[in-house]
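Engineer: I'm passing along data37.txt; it holds compact mmCIF, C-alpha atoms.
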```txt
# COMPACT_ATOMS: atom_id res chain seq x y z
CA MET A 1 0.00 0.00 0.00
CA ASN A 2 1.28 3.41 -0.91
CA ASP A 3 -0.68 6.36 0.49
CA THR A 4 -0.29 10.11 0.27
CA LEU A 5 2.09 10.34 3.23
CA ASP A 6 4.25 7.56 1.76
CA SER A 7 4.39 9.44 -1.54
CA LEU A 8 5.35 12.71 0.16
CA ALA A 9 7.98 11.03 2.33
CA GLY A 10 9.34 8.82 -0.47
CA ILE A 11 8.46 5.61 1.38
CA THR A 12 8.39 2.55 -0.86
CA PRO A 13 6.72 -0.82 -0.14
CA GLY A 14 9.02 -3.17 1.74
CA SER A 15 11.32 -0.40 2.99
CA ALA A 16 12.29 0.05 6.65
CA LEU A 17 9.99 3.07 6.95
CA ASP A 18 7.12 1.11 5.40
CA ALA A 19 7.60 -1.44 8.18
CA LEU A 20 7.65 1.29 10.83
CA ARG A 21 4.42 2.80 9.52
CA ALA A 22 2.86 -0.68 9.54
CA ARG A 23 3.33 -0.72 13.34
CA ARG A 24 0.82 2.14 13.57
CA PRO A 25 -1.95 0.96 11.21
CA LEU A 26 -4.65 3.23 12.64
CA THR A 27 -2.43 6.31 12.36
CA ARG A 28 -1.74 5.35 8.78
CA ALA A 29 -5.38 4.66 7.87
CA HIS A 30 -6.90 7.70 9.56
CA SER A 31 -4.21 10.12 8.35
CA GLN A 32 -5.16 9.08 4.82
CA ALA A 33 -8.89 9.13 5.60
CA SER A 34 -8.44 12.69 6.91
CA HIS A 35 -6.76 13.64 3.64
CA ASP A 36 -9.58 12.06 1.64
CA ALA A 37 -12.30 13.68 3.78
CA LEU A 38 -10.79 17.11 3.24
CA PHE A 39 -9.68 16.90 -0.41
CA THR A 40 -11.97 14.36 -2.10
CA PRO A 41 -15.11 14.60 0.04
CA ALA A 42 -18.21 12.72 -1.07
CA GLU A 43 -20.19 15.88 -0.36
CA PRO A 44 -18.05 19.01 -0.48
CA GLY A 45 -20.75 21.08 1.20
CA ALA A 46 -19.68 24.57 2.26
CA VAL A 47 -16.22 24.49 0.63
CA SER A 48 -15.97 23.42 -3.03
CA ARG A 49 -13.39 20.90 -4.21
CA GLU A 50 -11.66 23.64 -6.19
CA GLU A 51 -11.48 25.90 -3.12
CA ARG A 52 -10.05 23.02 -1.08
CA ALA A 53 -7.36 22.34 -3.69
CA ALA A 54 -6.46 26.03 -3.98
CA LEU A 55 -6.13 26.38 -0.22
CA ALA A 56 -4.02 23.23 0.01
CA ALA A 57 -1.67 24.37 -2.76
CA TYR A 58 -1.29 27.72 -0.98
CA VAL A 59 -0.62 26.15 2.45
CA ALA A 60 1.96 23.73 1.02
CA GLY A 61 3.57 26.66 -0.77
CA LEU A 62 3.78 28.62 2.49
CA HIS A 63 5.62 25.61 3.93
CA GLY A 64 8.09 25.78 1.04
CA ASP A 65 6.93 22.30 0.02
CA ALA A 66 6.63 22.32 -3.77
CA VAL A 67 6.29 18.52 -3.93
CA ALA A 68 3.21 18.59 -1.69
CA ALA A 69 1.75 21.62 -3.47
CA ALA A 70 1.94 20.13 -6.99
CA PRO A 71 -0.89 17.55 -6.88
CA HIS A 72 -3.29 20.11 -5.39
CA ALA A 73 -2.28 22.79 -7.92
CA ALA A 74 -2.75 20.25 -10.74
CA ARG A 75 -6.46 20.10 -9.90
CA LEU A 76 -6.91 23.83 -10.53
CA PRO A 77 -7.67 25.71 -13.76
CA ALA A 78 -4.41 27.26 -14.98
CA PRO A 79 -5.30 30.90 -14.17
CA LEU A 80 -6.21 29.98 -10.59
CA ALA A 81 -3.06 27.87 -10.17
CA ALA A 82 -1.07 30.89 -11.33
CA ALA A 83 -2.87 33.14 -8.82
CA VAL A 84 -2.13 30.69 -6.01
CA ALA A 85 1.56 30.59 -6.98
CA ALA A 86 1.63 34.40 -7.04
CA ALA A 87 0.00 34.51 -3.59
CA VAL A 88 2.71 32.20 -2.23
CA GLU A 89 5.45 34.41 -3.69
CA GLU A 90 3.89 37.57 -2.27
CA THR A 91 3.25 36.29 1.26
CA ARG A 92 5.87 33.64 2.03
CA ALA A 93 7.51 34.03 5.45
CA ALA A 94 8.79 31.90 8.33
CA GLY A 95 7.17 31.04 11.65
CA PRO A 96 5.94 30.71 14.24
CA TYR A 97 5.77 34.32 15.35
CA GLY A 98 3.12 36.32 17.15
CA ARG A 99 2.17 37.91 20.45
CA TYR A 100 1.05 36.61 23.83
CA PRO A 101 -1.50 38.13 26.19
CA ALA A 102 0.36 40.95 28.00
CA GLY A 103 2.46 39.66 30.87
CA PRO A 104 5.57 37.61 31.54
CA LEU A 105 5.50 36.06 28.05
CA SER A 106 5.57 39.45 26.32
CA VAL A 107 9.37 39.18 26.17
CA GLU A 108 8.79 36.28 23.74
CA ASP A 109 6.60 38.36 21.41
CA GLN A 110 7.90 38.32 17.86
CA ASP A 111 6.63 40.41 14.99
CA GLY A 112 6.34 39.05 11.49
CA PRO A 113 4.96 40.18 8.17
CA PRO A 114 1.21 40.74 7.82
CA PHE A 115 -0.71 39.07 5.01
CA ALA A 116 -0.66 41.42 2.03
CA LEU A 117 -1.62 40.44 -1.52
CA SER A 118 -1.06 42.60 -4.59
CA SER A 119 -4.32 43.95 -5.97
CA GLY A 120 -3.93 41.81 -9.09
CA THR A 121 -3.53 38.57 -7.14
CA ALA A 122 -6.38 39.47 -4.80
CA ALA A 123 -8.63 40.12 -7.78
CA ALA A 124 -7.63 36.85 -9.46
CA LEU A 125 -8.41 34.88 -6.29
CA GLY A 126 -11.68 36.64 -5.57
CA THR A 127 -13.03 37.75 -2.20
CA ARG A 128 -13.73 34.31 -0.74
CA LEU A 129 -10.38 32.70 -1.53
CA ALA A 130 -8.42 35.84 -0.62
CA ALA A 131 -10.04 35.77 2.83
CA ALA A 132 -9.40 32.05 3.21
CA PHE A 133 -5.75 32.59 2.29
CA GLY A 134 -5.47 35.37 4.85
CA HIS A 135 -6.75 32.97 7.48
CA ALA A 136 -4.35 30.27 6.30
CA HIS A 137 -1.41 32.67 6.49
CA LEU A 138 -2.35 33.51 10.09
CA LEU A 139 -2.61 29.84 11.06
CA VAL A 140 0.50 28.66 9.25
CA TYR A 141 2.87 31.39 10.47
CA HIS A 142 1.45 33.03 13.58
CA PRO A 143 -1.36 30.95 15.03
CA ARG A 144 -1.07 32.54 18.49
CA ASP A 145 -2.29 35.83 16.97
CA ALA A 146 -5.65 34.26 16.09
CA ALA A 147 -8.57 36.25 17.50
CA PRO A 148 -12.34 36.46 17.03
CA ALA A 149 -11.79 39.18 14.39
CA ALA A 150 -10.20 36.56 12.11
CA GLN A 151 -13.43 34.57 12.18
CA ASP A 152 -15.39 37.78 11.48
CA ALA A 153 -13.23 38.35 8.40
CA LEU A 154 -14.13 34.91 7.04
CA LYS A 155 -17.81 35.51 7.73
CA HIS A 156 -17.76 38.87 5.94
CA ALA A 157 -16.19 37.19 2.91
CA GLY A 158 -19.17 34.82 2.76
CA TRP A 159 -17.87 31.74 4.59
CA SER A 160 -20.40 30.01 6.88
CA ALA A 161 -19.53 28.55 10.28
CA ASP A 162 -19.45 25.06 8.73
CA ALA A 163 -17.04 26.35 6.09
CA ALA A 164 -14.83 28.06 8.68
CA VAL A 165 -14.41 24.75 10.51
CA THR A 166 -13.48 22.96 7.28
CA LEU A 167 -11.02 25.72 6.30
CA SER A 168 -9.28 25.47 9.68
CA GLN A 169 -9.20 21.67 9.38
CA ILE A 170 -7.58 21.89 5.93
CA VAL A 171 -4.85 24.26 7.07
CA ALA A 172 -4.27 22.46 10.37
CA PHE A 173 -4.30 18.96 8.85
CA LEU A 174 -1.71 19.98 6.27
CA ALA A 175 0.48 21.39 9.04
CA TYR A 176 0.46 17.83 10.42
CA GLN A 177 0.77 15.94 7.14
CA LEU A 178 3.65 18.02 5.80
CA ARG A 179 5.54 17.72 9.10
CA ALA A 180 4.98 13.98 9.39
CA ALA A 181 6.21 13.54 5.81
CA HIS A 182 9.22 15.79 6.43
CA GLY A 183 10.13 13.95 9.62
CA LEU A 184 9.80 10.48 8.12
CA ARG A 185 11.77 11.54 5.04
CA VAL A 186 14.62 12.75 7.25
CA LEU A 187 14.44 9.61 9.40
CA ALA A 188 14.69 7.38 6.32
CA ALA A 189 17.63 9.36 4.94
CA THR A 190 19.67 9.35 8.17
CA ALA A 191 21.90 6.32 8.32
CA MET B 192 -24.16 39.58 45.82
CA PRO B 193 -21.94 41.81 43.72
CA ASP B 194 -23.77 43.45 40.86
CA THR B 195 -20.87 43.06 38.45
CA ILE B 196 -19.00 39.89 37.66
CA THR B 197 -15.32 40.13 36.92
CA PRO B 198 -14.48 37.79 34.05
CA PRO B 199 -11.66 35.38 34.76
CA ALA B 200 -8.35 36.81 33.61
CA GLU B 201 -6.94 35.48 30.35
CA PRO B 202 -4.03 33.17 31.18
CA ASN B 203 -0.79 34.91 30.22
CA VAL B 204 1.70 32.24 31.31
CA PHE B 205 2.16 28.57 30.45
CA THR B 206 0.74 26.45 33.26
CA ARG B 207 -0.35 22.93 34.16
CA ASP B 208 -3.50 24.39 35.73
CA GLN B 209 -6.93 23.65 34.27
CA ILE B 210 -7.88 26.58 32.05
CA GLY B 211 -10.97 27.23 29.98
CA TRP B 212 -11.51 27.31 26.23
CA HIS B 213 -14.35 29.24 24.63
CA PRO B 214 -15.51 28.82 21.01
CA TRP B 215 -15.64 31.85 18.71
CA LEU B 216 -18.14 30.15 16.40
CA PRO B 217 -21.35 28.46 17.54
CA PRO B 218 -20.92 24.75 18.30
CA LEU B 219 -23.76 22.48 17.24
CA GLU B 220 -26.35 22.17 20.00
CA GLU B 221 -26.56 18.79 21.69
CA ALA B 222 -30.14 18.48 20.45
CA GLU B 223 -29.09 18.87 16.79
CA LEU B 224 -26.51 16.09 16.85
CA THR B 225 -27.40 13.32 14.39
CA PRO B 226 -26.10 9.75 14.60
CA ARG B 227 -23.37 10.79 12.13
CA HIS B 228 -22.26 13.60 14.44
CA LEU B 229 -22.32 11.31 17.48
CA ALA B 230 -20.18 8.73 15.67
CA ALA B 231 -17.73 11.48 14.70
CA LEU B 232 -17.31 12.47 18.36
CA VAL B 233 -15.98 8.91 18.97
CA ASP B 234 -16.24 9.28 22.78
CA ALA B 235 -19.82 9.80 23.95
CA ALA B 236 -18.66 12.14 26.75
CA ARG B 237 -17.51 14.63 24.13
CA VAL B 238 -21.11 15.75 23.52
CA LYS B 239 -20.48 18.01 26.54
CA SER B 240 -17.43 19.64 24.89
CA PRO B 241 -18.07 22.88 22.94
CA TYR B 242 -14.77 22.30 21.09
CA PHE B 243 -15.79 18.89 19.77
CA ARG B 244 -19.37 20.00 19.05
CA LEU B 245 -17.91 22.85 16.97
CA LEU B 246 -15.60 20.48 15.06
CA ALA B 247 -18.66 18.25 14.49
CA ARG B 248 -19.70 20.78 11.81
CA ASP B 249 -17.35 18.72 9.61
CA PRO B 250 -17.97 15.22 11.00
CA GLU B 251 -15.77 13.28 8.57
CA ALA B 252 -12.77 15.48 9.30
CA LEU B 253 -13.43 15.32 13.04
CA GLU B 254 -13.75 11.54 13.19
CA HIS B 255 -10.52 10.84 11.35
CA ARG B 256 -8.68 13.60 13.27
CA THR B 257 -9.72 11.97 16.52
CA ARG B 258 -8.81 8.44 15.48
CA THR B 259 -5.41 9.64 14.25
CA ASP B 260 -4.86 11.46 17.55
CA LYS B 261 -5.76 8.43 19.66
CA ASP B 262 -3.43 6.07 17.85
CA ILE B 263 -0.49 8.49 17.87
CA PHE B 264 -0.74 8.99 21.63
CA LEU B 265 -2.29 5.77 22.91
CA ASN B 266 -0.98 2.92 20.74
CA PRO B 267 0.74 0.73 23.36
CA ASP B 268 2.86 -1.33 20.94
CA ALA B 269 6.45 -0.34 21.84
CA GLY B 270 7.95 2.88 20.47
CA ALA B 271 8.14 6.02 22.61
CA PRO B 272 6.59 5.84 26.09
CA ARG B 273 3.35 7.82 26.47
CA ALA B 274 5.18 10.42 28.58
CA GLU B 275 7.58 11.21 25.74
CA ARG B 276 4.81 11.49 23.15
CA GLU B 277 3.12 13.97 25.53
CA LEU B 278 6.44 15.77 26.02
CA ALA B 279 6.73 16.26 22.25
CA ALA B 280 3.14 17.57 22.16
CA THR B 281 3.89 19.99 24.99
CA ALA B 282 7.06 21.24 23.29
CA ALA B 283 5.21 21.84 20.00
CA SER B 284 2.46 23.71 21.87
CA ARG B 285 5.09 25.78 23.73
CA VAL B 286 6.67 26.83 20.41
CA ASN B 287 3.40 27.62 18.65
CA GLY B 288 2.14 29.46 21.72
CA CYS B 289 -0.99 27.42 22.48
CA ILE B 290 -1.29 28.00 26.23
CA TYR B 291 -4.42 25.86 26.42
CA CYS B 292 -2.95 22.84 24.54
CA ALA B 293 0.29 23.09 26.51
CA SER B 294 -1.63 22.99 29.80
CA VAL B 295 -3.45 19.77 28.90
CA HIS B 296 -0.42 17.92 27.57
CA ALA B 297 1.94 19.17 30.26
CA ARG B 298 -0.44 17.59 32.77
CA HIS B 299 -0.29 14.33 30.81
CA ALA B 300 3.51 14.49 30.50
CA ALA B 301 3.83 15.10 34.25
CA THR B 302 1.38 12.33 35.12
CA TYR B 303 3.00 9.67 32.95
CA SER B 304 6.63 10.62 33.66
CA LYS B 305 6.32 11.76 37.31
CA ARG B 306 8.87 14.45 36.33
CA VAL B 307 6.74 17.41 37.39
CA GLU B 308 9.65 19.81 37.91
CA ASP B 309 11.08 19.12 34.46
CA VAL B 310 7.70 19.65 32.82
CA ASP B 311 7.26 22.93 34.71
CA ARG B 312 10.76 24.00 33.63
CA LEU B 313 9.80 23.42 29.99
CA LEU B 314 6.68 25.54 30.45
CA ALA B 315 8.51 28.33 32.28
CA GLU B 316 11.77 28.51 30.34
CA GLY B 317 10.67 27.26 26.94
CA VAL B 318 12.25 24.68 24.67
CA GLY B 319 15.80 25.68 25.66
CA ALA B 320 15.28 24.40 29.21
CA ASP B 321 17.76 21.73 30.38
CA LEU B 322 15.74 18.59 31.09
CA GLY B 323 18.48 15.97 30.77
CA GLU B 324 19.83 14.62 27.49
CA ARG B 325 17.02 12.26 26.45
CA TRP B 326 14.27 14.84 27.03
CA ASN B 327 16.42 17.63 25.58
CA ALA B 328 16.79 15.60 22.38
CA ILE B 329 13.02 15.04 22.17
CA VAL B 330 12.17 18.68 22.87
CA GLU B 331 14.73 19.96 20.37
CA ALA B 332 13.42 17.62 17.67
CA ALA B 333 9.77 18.55 18.34
CA ALA B 334 10.60 22.26 18.29
CA ALA B 335 12.51 21.96 15.01
CA LEU B 336 9.63 20.10 13.39
CA THR B 337 7.19 22.75 14.62
CA ALA B 338 8.94 25.60 12.79
CA THR B 339 7.59 26.71 9.41
CA PRO B 340 9.23 25.60 7.21
CA PRO B 341 10.23 22.58 9.33
CA ALA B 342 13.85 22.71 10.51
CA PHE B 343 14.04 19.05 11.61
CA GLY B 344 17.14 17.42 10.13
CA ALA B 345 19.60 14.55 10.32
CA LYS B 346 21.30 15.99 13.42
CA HIS B 347 18.03 15.62 15.35
CA VAL B 348 17.68 11.97 14.35
CA THR B 349 21.31 11.33 15.30
CA ARG B 350 20.85 12.96 18.71
CA LEU B 351 17.62 11.01 19.38
CA ARG B 352 19.31 7.72 18.51
CA ALA B 353 22.29 8.57 20.70
CA ALA B 354 19.86 9.31 23.54
CA GLY B 355 18.50 5.77 23.24
CA LEU B 356 15.40 6.09 21.05
CA ASP B 357 14.92 3.42 18.40
CA ASP B 358 13.42 4.33 15.04
CA LEU B 359 9.87 3.42 16.05
CA ALA B 360 10.20 5.73 19.07
CA ILE B 361 11.59 8.48 16.83
CA ALA B 362 8.66 7.99 14.43
CA ASP B 363 6.33 8.34 17.44
CA VAL B 364 8.00 11.61 18.47
CA ILE B 365 7.71 12.86 14.88
CA HIS B 366 4.00 12.02 14.75
CA ALA B 367 3.27 13.48 18.21
CA ALA B 368 4.99 16.78 17.40
CA ALA B 369 3.48 16.92 13.90
CA PHE B 370 0.01 16.19 15.27
CA PHE B 371 0.28 19.26 17.48
CA GLY B 372 0.87 21.30 14.35
CA TRP B 373 -2.73 20.26 13.65
CA ALA B 374 -4.21 20.42 17.15
CA ASN B 375 -2.68 23.79 18.08
CA ARG B 376 -4.04 25.41 14.93
CA LEU B 377 -7.58 24.15 15.53
CA MET B 378 -7.61 25.26 19.17
CA LEU B 379 -6.08 28.66 18.40
CA SER B 380 -8.27 29.48 15.42
CA LEU B 381 -11.69 28.31 16.55
CA GLY B 382 -11.70 29.79 20.05
CA GLY B 383 -9.56 30.97 22.87
CA THR B 384 -8.92 31.09 26.59
CA ARG B 385 -11.33 34.00 27.02
CA PRO B 386 -14.79 34.36 25.50
```
Here is the file; what I need is its structure written in the form of structure tokens.
Structural biologist:
Amino acid sequence: MNDTLDSLAGITPGSALDALRARRPLTRAHSQASHDALFTPAEPGAVSREERAALAAYVAGLHGDAVAAAPHAARLPAPLAAAVAAAVEETRAAGPYGRYPAGPLSVEDQDGPPFALSSGTAAALGTRLAAAFGHAHLLVYHPRDAAPAAQDALKHAGWSADAAVTLSQIVAFLAYQLRAAHGLRVLAATA
Amino acid sequence: MPDTITPPAEPNVFTRDQIGWHPWLPPLEEAELTPRHLAALVDAARVKSPYFRLLARDPEALEHRTRTDKDIFLNPDAGAPRAERELAATAASRVNGCIYCASVHARHAATYSKRVEDVDRLLAEGVGADLGERWNAIVEAAAALTATPPAFGAKHVTRLRAAGLDDLAIADVIHAAAFFGWANRLMLSLGGTRP
């Protein structure tokens, strides 16, 4: 069996890492089922399949993971794939940064770049996706800055509460999947 | 009786204390939960949790998130001891800045390891705290994997092996830290420690 995480981590059937993953069959099965639920849902509901793929390509791009971004980008019409790539270029940073509630942890506060798209890229994405990308940028790079206003911004762009949960799941799941793949890839490569 | 109620202060330090979490979007009401929602909650007691009733708005994603979580932390077949999986989760939460998640998993790490002072040192000093070589190696690896883009590399694997972890244990630490990339972002984006 070769699943998405195997593909991302370069794990081949019969390899040492394949055997390690086989020791955690439920982790393996439900990591893949999470991927399928978020990216090939039977009923996409409040977030279309195209919106899911665009968000995934953007989040992988923010992680600097072109290999993970490619299959999601391949599901997009070319102009939208180009807009997603432009959004990555315009907003790529490093994390985590952000601020704590005022107090002893304030000495650990770190500023980072705000989310800012060029007007051309924002127009190409449209209001809904631009807002979803803004939320993704917050969660990928500075999740401790999340506040109720971020949910208000999604709502004003037309995303329902159901959609907001799915958007957060997509961004958060990819944060897991890309890190698990990265870690396993490094483990396999370290003699 | 006082005629004004002072809201509880927002926690502004990392702590093992019980702290609250309040959703910023409306959870489903208990009365609206269908059999599909109830199955997605996995544990029946979670119908009382606003966090899980909010995630139930996407039941497929919730169910598989929960089953992934349980196996990463609870699978008893060898690998890293539960305490070290919880340590990795606490370190990831400390780096991302999820005070709520860190409180829960610091309690678990302290319970399963009995090393309360070391866990408190991690919370107070951050991921540079000196917790002894084996825990230092785990915390350093979890912190590196938590960065965006991930900074986890061969030197972390080498240090973990030298500290006595076999590759299944290292894979467990990787999954536990990576999973908190997921869990922290849900907790931080869908609600917070004050209403």
Engineer: So which residues touch stretch 70-80 of chain A within 12 Å, counting only C-alpha atoms, skipping near sequence neighbours fewer than 6 positions away, as a VMD selection string?
Structural biologist: chain A and resid 4 7 to 8 35 38 to 40 48 to 61 64 86 to 87 121 to 126 129 to 130 174
Engineer: Set out as a tab-separated table a contact list for chain A and chain B with a cut-off of 7 Å, giving each residue of chain A that qualifies its closest atom pair and distance in Å to one decimal, counting only C-alpha atoms, ordered by chain and rising residue number.
Structural biologist:
```
residue	atom	partner	partner_atom	distance
A:Leu20	CA	B:Leu359	CA	6.1
A:Leu26	CA	B:Asp262	CA	6.1
A:Thr27	CA	B:Thr259	CA	4.9
A:His30	CA	B:His255	CA	5.1
A:Ser31	CA	B:Thr259	CA	6.0
A:Ala33	CA	B:His255	CA	6.2
A:Ser34	CA	B:His255	CA	5.2
A:Ala37	CA	B:Ala252	CA	5.8
A:Leu38	CA	B:Ala252	CA	6.6
A:His63	CA	B:Pro340	CA	4.9
A:Gly64	CA	B:Pro340	CA	6.3
A:Ala94	CA	B:Thr339	CA	5.4
A:Gly95	CA	B:Thr339	CA	4.9
A:Pro96	CA	B:Asn287	CA	6.0
A:Tyr100	CA	B:Asn203	CA	6.9
A:Pro101	CA	B:Asn203	CA	5.2
A:Ala102	CA	B:Asn203	CA	6.5
A:Gly103	CA	B:Asn203	CA	5.8
A:Pro104	CA	B:Val204	CA	6.6
A:Leu105	CA	B:Val204	CA	6.3
A:Leu139	CA	B:Arg376	CA	6.1
A:Tyr141	CA	B:Thr339	CA	6.7
A:Pro143	CA	B:Arg376	CA	6.2
A:Arg144	CA	B:Gly288	CA	5.5
A:Ala146	CA	B:Ser380	CA	5.5
A:Pro148	CA	B:Trp215	CA	5.9
A:Ala161	CA	B:Leu216	CA	6.5
A:Asp162	CA	B:Arg248	CA	5.3
A:Val165	CA	B:Leu246	CA	6.4
A:Thr166	CA	B:Asp249	CA	6.2
A:Ser168	CA	B:Leu377	CA	6.2
A:Gln169	CA	B:Leu377	CA	6.8
A:Ala172	CA	B:Trp373	CA	4.2
A:Phe173	CA	B:Trp373	CA	5.2
A:Ala175	CA	B:Gly372	CA	5.3
A:Tyr176	CA	B:Ala369	CA	4.7
A:Arg179	CA	B:Ala369	CA	5.3
A:Ala180	CA	B:Ala369	CA	5.6
A:Gly183	CA	B:Ile365	CA	5.9
A:Leu184	CA	B:Ala362	CA	6.9
A:Val186	CA	B:Gly344	CA	6.0
A:Leu187	CA	B:Val348	CA	6.4
A:Thr190	CA	B:Ala345	CA	5.6
```
Engineer: What is the atom CA of B:Tyr303-atom CA of B:Gly319 distance in Å, reported with one decimal?
Structural biologist: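 The value is 21.8 Å.
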Engineer: Rounded to one decimal, what separation in Å do you get between atom CA of A:Ala93 and atom CA of B:Ile329?
Structural biologist: 25.9 Å
Engineer: Taking into account only C-alpha atoms, which residue in the set A:Leu62, A:Leu17, A:Ala83, A:Ala164 is nearest to A:Leu5?
Structural biologist: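 Nearest candidate to A:Leu5 out of A:Leu62, A:Leu17, A:Ala83, A:Ala164: A:Leu17.
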